[in-house]
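Text of model_8.pdb, listed as PDB, C-alpha atoms and all ligand atoms:
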```pdb
ATOM      1  CA  MET A   1    -147.762  60.905 -56.628  1.00  0.00           C
ATOM      2  CA  MET A   2    -147.314  57.727 -54.519  1.00  0.00           C
ATOM      3  CA  ILE A   3    -144.070  57.670 -52.479  1.00  0.00           C
ATOM      4  CA  LEU A   4    -142.807  54.159 -51.647  1.00  0.00           C
ATOM      5  CA  ASP A   5    -141.361  53.664 -48.166  1.00  0.00           C
ATOM      6  CA  PRO A   6    -137.903  52.044 -48.766  1.00  0.00           C
ATOM      7  CA  ILE A   7    -138.013  50.185 -45.464  1.00  0.00           C
ATOM      8  CA  ALA A   8    -141.661  49.118 -45.458  1.00  0.00           C
ATOM      9  CA  PRO A   9    -141.790  45.451 -44.316  1.00  0.00           C
ATOM     10  CA  LYS A  10    -141.842  42.824 -47.066  1.00  0.00           C
ATOM     11  CA  PRO A  11    -142.849  39.151 -47.212  1.00  0.00           C
ATOM     12  CA  ALA A  12    -140.241  36.488 -48.042  1.00  0.00           C
ATOM     13  CA  ARG A  13    -142.094  35.566 -51.253  1.00  0.00           C
ATOM     14  CA  ASP A  14    -141.081  38.950 -52.733  1.00  0.00           C
ATOM     15  CA  SER A  15    -137.353  38.190 -52.551  1.00  0.00           C
ATOM     16  CA  ARG A  16    -137.237  34.406 -53.157  1.00  0.00           C
ATOM     17  CA  VAL A  17    -134.572  33.489 -55.717  1.00  0.00           C
ATOM     18  CA  THR A  18    -133.923  30.357 -57.775  1.00  0.00           C
ATOM     19  CA  LEU A  19    -130.833  29.719 -59.826  1.00  0.00           C
ATOM     20  CA  ALA A  20    -130.127  26.694 -62.047  1.00  0.00           C
ATOM     21  CA  VAL A  21    -126.852  25.600 -63.646  1.00  0.00           C
ATOM     22  CA  ILE A  22    -125.443  22.565 -65.443  1.00  0.00           C
ATOM     23  CA  THR A  23    -122.250  21.350 -63.787  1.00  0.00           C
ATOM     24  CA  GLU A  24    -119.112  21.226 -65.948  1.00  0.00           C
ATOM     25  CA  PRO A  25    -115.973  19.040 -65.969  1.00  0.00           C
ATOM     26  CA  GLY A  26    -113.755  21.934 -64.731  1.00  0.00           C
ATOM     27  CA  GLN A  27    -115.797  22.118 -61.516  1.00  0.00           C
ATOM     28  CA  THR A  28    -115.152  18.567 -60.370  1.00  0.00           C
ATOM     29  CA  ASN A  29    -112.466  16.578 -58.595  1.00  0.00           C
ATOM     30  CA  PRO A  30    -110.729  13.635 -60.381  1.00  0.00           C
ATOM     31  CA  PHE A  31    -113.588  11.339 -59.287  1.00  0.00           C
ATOM     32  CA  GLY A  32    -116.153  13.354 -61.253  1.00  0.00           C
ATOM     33  CA  THR A  33    -117.978  14.850 -58.268  1.00  0.00           C
ATOM     34  CA  LEU A  34    -118.429  18.570 -57.766  1.00  0.00           C
ATOM     35  CA  HIS A  35    -116.101  20.516 -55.425  1.00  0.00           C
ATOM     36  CA  GLY A  36    -117.990  21.693 -52.330  1.00  0.00           C
ATOM     37  CA  GLY A  37    -116.552  25.170 -52.921  1.00  0.00           C
ATOM     38  CA  VAL A  38    -118.399  25.426 -56.257  1.00  0.00           C
ATOM     39  CA  LEU A  39    -121.705  24.863 -54.479  1.00  0.00           C
ATOM     40  CA  LEU A  40    -120.730  27.319 -51.720  1.00  0.00           C
ATOM     41  CA  ARG A  41    -120.042  30.040 -54.273  1.00  0.00           C
ATOM     42  CA  LEU A  42    -123.368  29.442 -56.036  1.00  0.00           C
ATOM     43  CA  ALA A  43    -125.132  29.359 -52.646  1.00  0.00           C
ATOM     44  CA  ASP A  44    -123.565  32.688 -51.676  1.00  0.00           C
ATOM     45  CA  GLU A  45    -124.590  34.249 -55.001  1.00  0.00           C
ATOM     46  CA  CYS A  46    -128.141  32.983 -54.716  1.00  0.00           C
ATOM     47  CA  GLY A  47    -128.469  34.044 -51.043  1.00  0.00           C
ATOM     48  CA  ALA A  48    -126.985  37.449 -51.827  1.00  0.00           C
ATOM     49  CA  ILE A  49    -129.517  38.100 -54.600  1.00  0.00           C
ATOM     50  CA  ALA A  50    -132.388  37.263 -52.209  1.00  0.00           C
ATOM     51  CA  ALA A  51    -130.888  39.587 -49.558  1.00  0.00           C
ATOM     52  CA  LEU A  52    -130.436  42.356 -52.164  1.00  0.00           C
ATOM     53  CA  ARG A  53    -134.028  41.962 -53.299  1.00  0.00           C
ATOM     54  CA  HIS A  54    -135.185  42.214 -49.692  1.00  0.00           C
ATOM     55  CA  SER A  55    -133.018  45.230 -48.900  1.00  0.00           C
ATOM     56  CA  GLY A  56    -134.217  46.870 -52.118  1.00  0.00           C
ATOM     57  CA  ARG A  57    -131.241  49.216 -52.663  1.00  0.00           C
ATOM     58  CA  GLY A  58    -127.600  49.899 -51.786  1.00  0.00           C
ATOM     59  CA  ARG A  59    -125.141  47.072 -51.291  1.00  0.00           C
ATOM     60  CA  ILE A  60    -124.911  43.982 -49.139  1.00  0.00           C
ATOM     61  CA  THR A  61    -121.948  42.021 -47.843  1.00  0.00           C
ATOM     62  CA  THR A  62    -121.678  38.439 -46.628  1.00  0.00           C
ATOM     63  CA  ALA A  63    -121.034  38.350 -42.873  1.00  0.00           C
ATOM     64  CA  ALA A  64    -121.376  34.587 -42.339  1.00  0.00           C
ATOM     65  CA  ILE A  65    -122.161  31.361 -44.161  1.00  0.00           C
ATOM     66  CA  ASP A  66    -122.981  28.701 -41.630  1.00  0.00           C
ATOM     67  CA  SER A  67    -124.222  25.171 -41.260  1.00  0.00           C
ATOM     68  CA  MET A  68    -124.003  24.340 -44.987  1.00  0.00           C
ATOM     69  CA  THR A  69    -124.557  20.609 -44.836  1.00  0.00           C
ATOM     70  CA  PHE A  70    -123.799  18.467 -47.884  1.00  0.00           C
ATOM     71  CA  LEU A  71    -126.132  15.461 -47.969  1.00  0.00           C
ATOM     72  CA  GLY A  72    -124.737  13.694 -51.055  1.00  0.00           C
ATOM     73  CA  PRO A  73    -122.445  14.134 -54.073  1.00  0.00           C
ATOM     74  CA  VAL A  74    -123.264  16.068 -57.252  1.00  0.00           C
ATOM     75  CA  TYR A  75    -121.917  14.561 -60.489  1.00  0.00           C
ATOM     76  CA  VAL A  76    -120.543  16.299 -63.560  1.00  0.00           C
ATOM     77  CA  GLY A  77    -123.244  17.114 -66.117  1.00  0.00           C
ATOM     78  CA  GLU A  78    -126.040  17.205 -63.552  1.00  0.00           C
ATOM     79  CA  ARG A  79    -128.513  20.059 -63.297  1.00  0.00           C
ATOM     80  CA  VAL A  80    -128.142  21.915 -59.983  1.00  0.00           C
ATOM     81  CA  GLU A  81    -130.934  24.128 -58.717  1.00  0.00           C
ATOM     82  CA  LEU A  82    -130.553  26.540 -55.799  1.00  0.00           C
ATOM     83  CA  GLU A  83    -133.299  28.323 -53.921  1.00  0.00           C
ATOM     84  CA  ALA A  84    -132.752  31.129 -51.398  1.00  0.00           C
ATOM     85  CA  VAL A  85    -135.452  32.474 -49.090  1.00  0.00           C
ATOM     86  CA  VAL A  86    -135.179  35.238 -46.483  1.00  0.00           C
ATOM     87  CA  THR A  87    -135.873  33.668 -43.094  1.00  0.00           C
ATOM     88  CA  TYR A  88    -134.879  36.292 -40.521  1.00  0.00           C
ATOM     89  CA  VAL A  89    -134.199  40.015 -40.546  1.00  0.00           C
ATOM     90  CA  GLY A  90    -132.500  42.138 -37.892  1.00  0.00           C
ATOM     91  CA  ARG A  91    -131.948  45.904 -38.037  1.00  0.00           C
ATOM     92  CA  THR A  92    -129.302  45.808 -40.769  1.00  0.00           C
ATOM     93  CA  SER A  93    -128.877  42.047 -41.261  1.00  0.00           C
ATOM     94  CA  ILE A  94    -130.729  39.544 -43.463  1.00  0.00           C
ATOM     95  CA  GLU A  95    -130.550  35.757 -43.119  1.00  0.00           C
ATOM     96  CA  THR A  96    -131.331  33.501 -46.079  1.00  0.00           C
ATOM     97  CA  ARG A  97    -131.913  29.755 -46.127  1.00  0.00           C
ATOM     98  CA  ILE A  98    -130.400  28.095 -49.167  1.00  0.00           C
ATOM     99  CA  GLU A  99    -131.507  24.707 -50.467  1.00  0.00           C
ATOM    100  CA  ILE A 100    -129.666  22.918 -53.250  1.00  0.00           C
ATOM    101  CA  HIS A 101    -131.140  20.133 -55.379  1.00  0.00           C
ATOM    102  CA  ALA A 102    -129.448  18.114 -58.136  1.00  0.00           C
ATOM    103  CA  GLU A 103    -130.861  15.922 -60.892  1.00  0.00           C
ATOM    104  CA  PRO A 104    -129.390  13.961 -63.791  1.00  0.00           C
ATOM    105  CA  ILE A 105    -129.985  15.548 -67.197  1.00  0.00           C
ATOM    106  CA  GLU A 106    -131.486  12.347 -68.565  1.00  0.00           C
ATOM    107  CA  ALA A 107    -133.923  11.591 -65.708  1.00  0.00           C
ATOM    108  CA  ALA A 108    -136.432  13.577 -63.654  1.00  0.00           C
ATOM    109  CA  ASP A 109    -134.991  12.379 -60.356  1.00  0.00           C
ATOM    110  CA  ARG A 110    -134.471  15.513 -58.249  1.00  0.00           C
ATOM    111  CA  ARG A 111    -132.740  15.063 -54.877  1.00  0.00           C
ATOM    112  CA  LEU A 112    -131.802  17.409 -52.034  1.00  0.00           C
ATOM    113  CA  VAL A 113    -127.988  17.672 -51.844  1.00  0.00           C
ATOM    114  CA  ALA A 114    -127.307  20.577 -49.460  1.00  0.00           C
ATOM    115  CA  VAL A 115    -128.961  22.993 -47.042  1.00  0.00           C
ATOM    116  CA  GLY A 116    -127.457  26.003 -45.294  1.00  0.00           C
ATOM    117  CA  TYR A 117    -127.848  29.557 -44.117  1.00  0.00           C
ATOM    118  CA  ALA A 118    -126.048  32.783 -44.982  1.00  0.00           C
ATOM    119  CA  LEU A 119    -126.155  36.120 -43.198  1.00  0.00           C
ATOM    120  CA  TYR A 120    -125.835  39.373 -45.138  1.00  0.00           C
ATOM    121  CA  VAL A 121    -125.456  42.918 -43.867  1.00  0.00           C
ATOM    122  CA  ALA A 122    -126.833  45.884 -45.803  1.00  0.00           C
ATOM    123  CA  LEU A 123    -124.477  48.770 -46.553  1.00  0.00           C
ATOM    124  CA  ASP A 124    -125.092  52.253 -47.882  1.00  0.00           C
ATOM    125  CA  GLU A 125    -124.002  53.310 -51.391  1.00  0.00           C
ATOM    126  CA  SER A 126    -120.483  54.137 -50.153  1.00  0.00           C
ATOM    127  CA  GLY A 127    -120.128  50.591 -48.803  1.00  0.00           C
ATOM    128  CA  GLU A 128    -118.785  51.997 -45.529  1.00  0.00           C
ATOM    129  CA  ARG A 129    -121.813  52.227 -43.232  1.00  0.00           C
ATOM    130  CA  THR A 130    -124.408  49.623 -42.363  1.00  0.00           C
ATOM    131  CA  ARG A 131    -127.971  50.476 -43.296  1.00  0.00           C
ATOM    132  CA  ALA A 132    -131.402  49.566 -41.903  1.00  0.00           C
ATOM    133  CA  VAL A 133    -133.392  47.037 -43.955  1.00  0.00           C
ATOM    134  CA  PRO A 134    -137.128  46.407 -44.341  1.00  0.00           C
ATOM    135  CA  GLY A 135    -138.722  44.170 -41.711  1.00  0.00           C
ATOM    136  CA  LEU A 136    -139.922  40.691 -42.675  1.00  0.00           C
ATOM    137  CA  VAL A 137    -143.661  40.065 -42.934  1.00  0.00           C
ATOM    138  CA  LEU A 138    -144.260  36.540 -41.613  1.00  0.00           C
ATOM    139  CA  GLU A 139    -147.223  35.059 -43.461  1.00  0.00           C
ATOM    140  CA  THR A 140    -147.251  31.402 -42.441  1.00  0.00           C
ATOM    141  CA  GLU A 141    -146.607  29.331 -39.327  1.00  0.00           C
ATOM    142  CA  ALA A 142    -143.523  27.828 -41.057  1.00  0.00           C
ATOM    143  CA  GLU A 143    -142.153  31.342 -41.668  1.00  0.00           C
ATOM    144  CA  ARG A 144    -142.761  32.319 -38.030  1.00  0.00           C
ATOM    145  CA  GLU A 145    -140.877  29.206 -36.859  1.00  0.00           C
ATOM    146  CA  ALA A 146    -138.024  29.876 -39.321  1.00  0.00           C
ATOM    147  CA  ALA A 147    -137.707  33.468 -38.063  1.00  0.00           C
ATOM    148  CA  GLU A 148    -137.712  32.338 -34.434  1.00  0.00           C
ATOM    149  CA  SER A 149    -134.944  29.804 -35.077  1.00  0.00           C
ATOM    150  CA  GLY A 150    -133.161  32.429 -37.218  1.00  0.00           C
ATOM    151  CA  LYS A 151    -132.949  34.651 -34.147  1.00  0.00           C
ATOM    152  CA  THR A 152    -131.242  31.825 -32.255  1.00  0.00           C
ATOM    153  CA  ARG A 153    -128.882  31.114 -35.177  1.00  0.00           C
ATOM    154  CA  GLN A 154    -127.969  34.802 -35.277  1.00  0.00           C
ATOM    155  CA  GLU A 155    -127.163  34.824 -31.534  1.00  0.00           C
ATOM    156  CA  LEU A 156    -124.842  31.856 -32.131  1.00  0.00           C
ATOM    157  CA  ARG A 157    -123.165  33.618 -35.087  1.00  0.00           C
ATOM    158  CA  LEU A 158    -122.396  36.616 -32.931  1.00  0.00           C
ATOM    159  CA  ILE A 159    -120.873  34.346 -30.290  1.00  0.00           C
ATOM    160  CA  ARG A 160    -118.724  32.698 -33.020  1.00  0.00           C
ATOM    161  CA  ARG A 161    -117.745  36.137 -34.368  1.00  0.00           C
ATOM    162  CA  ASP A 162    -116.620  37.252 -30.920  1.00  0.00           C
ATOM    163  CA  GLN A 163    -114.689  34.002 -30.468  1.00  0.00           C
ATOM    164  CA  ALA A 164    -113.065  34.386 -33.931  1.00  0.00           C
ATOM    165  CA  ARG A 165    -111.967  37.930 -33.097  1.00  0.00           C
ATOM    166  CA  GLY A 166    -110.060  36.576 -30.123  1.00  0.00           C
ATOM    167  CA  GLN A 167    -108.610  33.586 -31.969  1.00  0.00           C
ATOM    168  CA  ALA A 168    -105.969  34.861 -34.415  1.00  0.00           C
ATOM    169  CA  ASN A 169    -103.216  32.226 -34.803  1.00  0.00           C
ATOM    170  CA  PRO A 170    -100.274  32.976 -32.518  1.00  0.00           C
ATOM    171  CA  ARG A 171     -97.078  34.045 -34.329  1.00  0.00           C
ATOM    172  CA  ARG A 172     -94.218  31.578 -34.570  1.00  0.00           C
ATOM    173  CA  PRO A 173     -90.912  32.690 -33.004  1.00  0.00           C
ATOM    174  CA  GLY A 174     -88.990  34.885 -35.482  1.00  0.00           C
ATOM    175  CA  GLU A 175     -92.060  35.589 -37.638  1.00  0.00           C
ATOM    176  CA  PRO A 176     -92.107  39.289 -38.654  1.00  0.00           C
ATOM    177  CA  THR A 177     -94.728  41.552 -37.065  1.00  0.00           C
ATOM    178  CA  ASP A 178     -96.987  43.724 -39.280  1.00  0.00           C
TER     179      ASP A 178
HETATM  180  C1  LIG A 201    -120.349  42.540 -41.863  1.00  0.00           C
HETATM  181  C2  LIG A 201    -119.733  43.859 -41.384  1.00  0.00           C
HETATM  182  C3  LIG A 201    -120.086  44.967 -42.386  1.00  0.00           C
HETATM  183  C4  LIG A 201    -120.348  44.175 -40.034  1.00  0.00           C
HETATM  184  O1  LIG A 201    -119.752  45.350 -39.601  1.00  0.00           O
HETATM  185  P1  LIG A 201    -119.753  45.732 -38.040  1.00  0.00           P
HETATM  186  O2  LIG A 201    -119.000  46.980 -37.864  1.00  0.00           O
HETATM  187  O3  LIG A 201    -119.396  44.526 -37.250  1.00  0.00           O
HETATM  188  O4  LIG A 201    -121.266  46.101 -37.860  1.00  0.00           O
HETATM  189  P2  LIG A 201    -122.182  45.963 -36.577  1.00  0.00           P
HETATM  190  O5  LIG A 201    -121.474  45.405 -35.388  1.00  0.00           O
HETATM  191  O6  LIG A 201    -122.871  47.283 -36.474  1.00  0.00           O
HETATM  192  O7  LIG A 201    -123.225  44.865 -37.059  1.00  0.00           O
HETATM  193  C5  LIG A 201    -124.136  45.135 -38.116  1.00  0.00           C
HETATM  194  C6  LIG A 201    -125.059  43.964 -38.239  1.00  0.00           C
HETATM  195  O8  LIG A 201    -124.328  42.845 -38.714  1.00  0.00           O
HETATM  196  C7  LIG A 201    -124.475  41.757 -37.835  1.00  0.00           C
HETATM  197  N1  LIG A 201    -123.193  41.054 -37.858  1.00  0.00           N
HETATM  198  C8  LIG A 201    -121.956  41.625 -37.825  1.00  0.00           C
HETATM  199  N2  LIG A 201    -121.021  40.637 -37.914  1.00  0.00           N
HETATM  200  C9  LIG A 201    -121.685  39.481 -38.007  1.00  0.00           C
HETATM  201  C10 LIG A 201    -121.272  38.122 -38.114  1.00  0.00           C
HETATM  202  N3  LIG A 201    -119.990  37.746 -38.173  1.00  0.00           N
HETATM  203  N4  LIG A 201    -122.213  37.173 -38.174  1.00  0.00           N
HETATM  204  C11 LIG A 201    -123.516  37.504 -38.141  1.00  0.00           C
HETATM  205  N5  LIG A 201    -123.970  38.764 -38.044  1.00  0.00           N
HETATM  206  C12 LIG A 201    -123.059  39.735 -37.971  1.00  0.00           C
HETATM  207  C13 LIG A 201    -124.826  42.361 -36.494  1.00  0.00           C
HETATM  208  O9  LIG A 201    -125.537  41.433 -35.703  1.00  0.00           O
HETATM  209  C14 LIG A 201    -125.704  43.525 -36.927  1.00  0.00           C
HETATM  210  O10 LIG A 201    -126.995  43.048 -37.242  1.00  0.00           O
HETATM  211  P3  LIG A 201    -128.333  43.897 -36.895  1.00  0.00           P
HETATM  212  O11 LIG A 201    -128.093  45.324 -37.304  1.00  0.00           O
HETATM  213  O12 LIG A 201    -129.389  43.271 -37.729  1.00  0.00           O
HETATM  214  O13 LIG A 201    -128.555  43.752 -35.431  1.00  0.00           O
HETATM  215  C15 LIG A 201    -118.169  43.752 -41.239  1.00  0.00           C
HETATM  216  O14 LIG A 201    -117.862  42.806 -40.242  1.00  0.00           O
HETATM  217  C16 LIG A 201    -117.495  43.353 -42.530  1.00  0.00           C
HETATM  218  O15 LIG A 201    -117.309  44.195 -43.422  1.00  0.00           O
HETATM  219  N6  LIG A 201    -117.094  42.067 -42.654  1.00  0.00           N
HETATM  220  C17 LIG A 201    -116.482  41.594 -43.893  1.00  0.00           C
HETATM  221  C18 LIG A 201    -117.555  41.270 -44.911  1.00  0.00           C
HETATM  222  C19 LIG A 201    -116.922  40.776 -46.211  1.00  0.00           C
HETATM  223  O16 LIG A 201    -115.987  41.348 -46.714  1.00  0.00           O
HETATM  224  N7  LIG A 201    -117.509  39.680 -46.762  1.00  0.00           N
HETATM  225  C20 LIG A 201    -117.002  39.064 -47.930  1.00  0.00           C
HETATM  226  C21 LIG A 201    -115.907  38.114 -47.560  1.00  0.00           C
HETATM  227  S1  LIG A 201    -114.673  38.018 -48.825  1.00  0.00           S
END
```
Represent the structure from my file as structure tokens, please.
Ligand SMILES: CC(C)(COP(=O)(O)OP(=O)(O)OC[C@H]1O[C@@H](n2cnc3c(N)ncnc32)[C@H](O)[C@@H]1OP(=O)(O)O)[C@@H](O)C(=O)NCCC(=O)NCCS
Amino acid sequence: MMILDPIAPKPARDSRVTLAVITEPGQTNPFGTLHGGVLLRLADECGAIAALRHSGRGRITTAAIDSMTFLGPVYVGERVELEAVVTYVGRTSIETRIEIHAEPIEAADRRLVAVGYALYVALDESGERTRAVPGLVLETEAEREAAESGKTRQELRLIRRDQARGQANPRRPGEPTD
């Protein structure tokens, strides 16, 4: 009987995810363009599925979504396509790059509308402890460069996390304490 190693390294192509939706009127502002939050939610879902595929079991949680840059509006009724690819892996963390394209239903005119990164952390079945994930097999020069810059992005995230921990809003006078 062959026993599969649950943390044997995997290439990014094994966990790549695409997701396509048609935007609806309830997702837009009064000007008919999509709320950024709708795209962020879809991006998180798509990135999370790629991270889950890479981790292979257990749970994952979103630790950070950063540098999501919106390059142009998305209009109601357009087809939106998201693609998430694992770019960097730490001991228990998985970074995915998420690209979002939009195109009108009536024309094959696909355009890039947003790009960002999300960082997920693998948890055990109880959801209480972090868990080691498979390494990332880097197959191309582009993947090696993405992983190298992913390491730098991760260092910056940890700096931001440490800053955020020390930056709770001060209480106003008279505000009750917890
Ligand atoms: C993410 C979380 C599980 C990390 O727990 P923790 O006790 O800080 O764990 P550790 O310090 O051991 O870090 C575990 C890994 O996560 C990474 N990490 C932790 N916080 C991070 C952050 N804010 N940004 C990026 N990476 C982070 C660490 O670098 C480490 O990676 P590595 O093992 O690959 O080196 C915890 O902060 C958490 O539960 N956050 C809330 C997540 C959540 O609820 N998301 C949904 C929002 S509604």
*asked:* One decimal, in Å: what's the spacing between atom CA of Thr69 of chain A and atom CA of Glu81 of chain A?
replied: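 Separating atom CA of Thr69 of chain A from atom CA of Glu81 of chain A is a distance of 15.7 Å.
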Using only C-alpha atoms and all ligand atoms, what does the table of chain A residues within 7 Å of ligand LIG 201 (chain A) look like, with each row giving the shortest atom pair and its distance in Å to one decimal, sorted by chain and ascending number, as a Markdown table?
```
| residue | atom | partner | partner_atom | distance |
| --- | --- | --- | --- | --- |
| A:Thr61 | CA | A:LIG201 | N7 | 5.1 |
| A:Thr62 | CA | A:LIG201 | N7 | 4.4 |
| A:Ala63 | CA | A:LIG201 | C1 | 4.4 |
| A:Ala64 | CA | A:LIG201 | N4 | 5.0 |
| A:Val89 | CA | A:LIG201 | O12 | 6.5 |
| A:Gly90 | CA | A:LIG201 | O12 | 3.3 |
| A:Arg91 | CA | A:LIG201 | O12 | 3.7 |
| A:Thr92 | CA | A:LIG201 | O11 | 3.7 |
| A:Ser93 | CA | A:LIG201 | O12 | 3.8 |
| A:Ile94 | CA | A:LIG201 | O12 | 7.0 |
| A:Leu119 | CA | A:LIG201 | C11 | 5.9 |
| A:Val121 | CA | A:LIG201 | O8 | 5.3 |
| A:Thr130 | CA | A:LIG201 | C5 | 6.2 |
| A:Gln154 | CA | A:LIG201 | C11 | 5.9 |
| A:Arg157 | CA | A:LIG201 | N4 | 4.8 |
| A:Leu158 | CA | A:LIG201 | N4 | 5.3 |
| A:Arg161 | CA | A:LIG201 | N3 | 4.7 |
```
*Matched chain/residue IDs from the PyMOL selection byres (((chain A and resi 131) around 12) and not hetatm), as a PyMOL selection string*: chain A and resi 6-7+55-61+90-94+120-130+132-134
Within 8 Å of (-131.3, 17.9, -54.8) (file coordinates; only C-alpha atoms), which protein or nucleic acid residues are there? I'd like them as a tab-separated table (two decimals) with C-alpha atoms, in the frame of the given file.
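Result saved to point_29.tsv:
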```tsv
chain	number	residue	atom	x	y	z
A	80	VAL	CA	-128.14	21.92	-59.98
A	81	GLU	CA	-130.93	24.13	-58.72
A	100	ILE	CA	-129.67	22.92	-53.25
A	101	HIS	CA	-131.14	20.13	-55.38
A	102	ALA	CA	-129.45	18.11	-58.14
A	103	GLU	CA	-130.86	15.92	-60.89
A	110	ARG	CA	-134.47	15.51	-58.25
A	111	ARG	CA	-132.74	15.06	-54.88
A	112	LEU	CA	-131.80	17.41	-52.03
A	113	VAL	CA	-127.99	17.67	-51.84
A	114	ALA	CA	-127.31	20.58	-49.46
```
*Using the chain letters and residue numbers of this document, give as a PyMOL selection string the residues selected by the PyMOL selection byres (((chain A and resi 27) around 10) and not hetatm).*
chain A and resi 23-26+28-30+32-39+75-76
*For atom CA of Asn169 of chain A and atom CA of Ala43 of chain A, quote the distance in Å rounded to one decimal.*
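Here the two named atoms are 28.4 Å from each other.
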_I'd like to see the residues matched by the PyMOL selection byres (((chain A and resi 19) around 10) and not hetatm) on this file, and ideally I'd get them as a PyMOL selection string._
chain A and resi 17-18+20-21+42-43+45-46+49+80-84+100
*Separation of atom CA of Arg165 of chain A and atom CA of Gly150 of chain A, in Å?*
22.3 Å
Which residues are close to Arg153 of chain A, i.e. within 10 Å by only C-alpha atoms, leaving aside same-chain residues fewer than 6 positions away? Reply as an mmCIF file with C-alpha atoms, in the frame of the given file.
```cif
data_model
loop_
_atom_site.group_PDB
_atom_site.id
_atom_site.type_symbol
_atom_site.label_atom_id
_atom_site.label_comp_id
_atom_site.auth_asym_id
_atom_site.auth_seq_id
_atom_site.Cartn_x
_atom_site.Cartn_y
_atom_site.Cartn_z
ATOM 1 C CA ASP A 66 -122.981 28.701 -41.630
ATOM 2 C CA SER A 67 -124.222 25.171 -41.260
ATOM 3 C CA TYR A 88 -134.879 36.292 -40.521
ATOM 4 C CA GLU A 95 -130.550 35.757 -43.119
ATOM 5 C CA TYR A 117 -127.848 29.557 -44.117
ATOM 6 C CA LEU A 119 -126.155 36.120 -43.198
ATOM 7 C CA ALA A 147 -137.707 33.468 -38.063
ATOM 8 C CA ILE A 159 -120.873 34.346 -30.290
#
```
_Let me make sure I understand: among A:Pro104, A:Gly135, A:Gly174, A:Gly166, which one has the smallest atom-to-atom distance to Ala8 of chain A if we use all atoms listed in the file?_
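Using all atoms listed in the file, the shortest distance to Ala8 of chain A belongs to A:Gly135.
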*Which one is closest to Asp14 of chain A: A:Ala118, A:Ala164, A:Ala51, A:Ala107? Count only C-alpha atoms.*
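Residue with the minimum atom-to-atom distance to Asp14 of chain A: A:Ala51.
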Could you tell me, as a PDB file with C-alpha atoms, keeping the file's coordinate frame, which residues have any atom at most 9 Å from (-141.8, 33.6, -48.2), counting all atoms listed in the file?
```pdb
ATOM      1  CA  PRO A  11    -142.849  39.151 -47.212  1.00  0.00           C
ATOM      2  CA  ALA A  12    -140.241  36.488 -48.042  1.00  0.00           C
ATOM      3  CA  ARG A  13    -142.094  35.566 -51.253  1.00  0.00           C
ATOM      4  CA  ASP A  14    -141.081  38.950 -52.733  1.00  0.00           C
ATOM      5  CA  SER A  15    -137.353  38.190 -52.551  1.00  0.00           C
ATOM      6  CA  ARG A  16    -137.237  34.406 -53.157  1.00  0.00           C
ATOM      7  CA  VAL A  85    -135.452  32.474 -49.090  1.00  0.00           C
ATOM      8  CA  VAL A  86    -135.179  35.238 -46.483  1.00  0.00           C
ATOM      9  CA  THR A  87    -135.873  33.668 -43.094  1.00  0.00           C
ATOM     10  CA  VAL A 137    -143.661  40.065 -42.934  1.00  0.00           C
ATOM     11  CA  LEU A 138    -144.260  36.540 -41.613  1.00  0.00           C
ATOM     12  CA  GLU A 139    -147.223  35.059 -43.461  1.00  0.00           C
ATOM     13  CA  THR A 140    -147.251  31.402 -42.441  1.00  0.00           C
ATOM     14  CA  GLU A 143    -142.153  31.342 -41.668  1.00  0.00           C
TER      15      GLU A 143
END
```
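The nearest approach to Phe70 of chain A among the residues A:Asp109, A:Ile98, A:Asp5, A:Arg172, with only C-alpha atoms taken into account, belongs to A:Ile98.
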Once N, CA and C atoms are restored for segment 26-35 of chain A, what would the output be as a PDB file, keeping the file's coordinate frame?
```
ATOM      1  N   GLY A  26    -114.746  21.137 -65.467  1.00  0.00           N
ATOM      2  CA  GLY A  26    -113.755  21.934 -64.731  1.00  0.00           C
ATOM      3  C   GLY A  26    -114.126  22.190 -63.277  1.00  0.00           C
ATOM      4  N   GLN A  27    -115.344  21.838 -62.889  1.00  0.00           N
ATOM      5  CA  GLN A  27    -115.797  22.118 -61.516  1.00  0.00           C
ATOM      6  C   GLN A  27    -115.688  20.892 -60.607  1.00  0.00           C
ATOM      7  N   THR A  28    -115.134  19.807 -61.155  1.00  0.00           N
ATOM      8  CA  THR A  28    -115.152  18.567 -60.370  1.00  0.00           C
ATOM      9  C   THR A  28    -113.755  18.126 -59.936  1.00  0.00           C
ATOM     10  N   ASN A  29    -113.727  17.202 -58.993  1.00  0.00           N
ATOM     11  CA  ASN A  29    -112.466  16.578 -58.595  1.00  0.00           C
ATOM     12  C   ASN A  29    -112.192  15.403 -59.554  1.00  0.00           C
ATOM     13  N   PRO A  30    -111.050  14.716 -59.429  1.00  0.00           N
ATOM     14  CA  PRO A  30    -110.729  13.635 -60.381  1.00  0.00           C
ATOM     15  C   PRO A  30    -111.749  12.487 -60.372  1.00  0.00           C
ATOM     16  N   PHE A  31    -112.593  12.427 -59.353  1.00  0.00           N
ATOM     17  CA  PHE A  31    -113.588  11.339 -59.287  1.00  0.00           C
ATOM     18  C   PHE A  31    -114.917  11.734 -59.941  1.00  0.00           C
ATOM     19  N   GLY A  32    -114.952  12.945 -60.518  1.00  0.00           N
ATOM     20  CA  GLY A  32    -116.153  13.354 -61.253  1.00  0.00           C
ATOM     21  C   GLY A  32    -117.254  13.939 -60.389  1.00  0.00           C
ATOM     22  N   THR A  33    -116.950  14.210 -59.109  1.00  0.00           N
ATOM     23  CA  THR A  33    -117.978  14.850 -58.268  1.00  0.00           C
ATOM     24  C   THR A  33    -117.593  16.310 -58.035  1.00  0.00           C
ATOM     25  N   LEU A  34    -118.625  17.120 -57.851  1.00  0.00           N
ATOM     26  CA  LEU A  34    -118.429  18.570 -57.766  1.00  0.00           C
ATOM     27  C   LEU A  34    -117.669  18.973 -56.495  1.00  0.00           C
ATOM     28  N   HIS A  35    -116.755  19.958 -56.615  1.00  0.00           N
ATOM     29  CA  HIS A  35    -116.101  20.516 -55.425  1.00  0.00           C
ATOM     30  C   HIS A  35    -117.151  21.213 -54.558  1.00  0.00           C
TER      31      HIS A  35
END
```
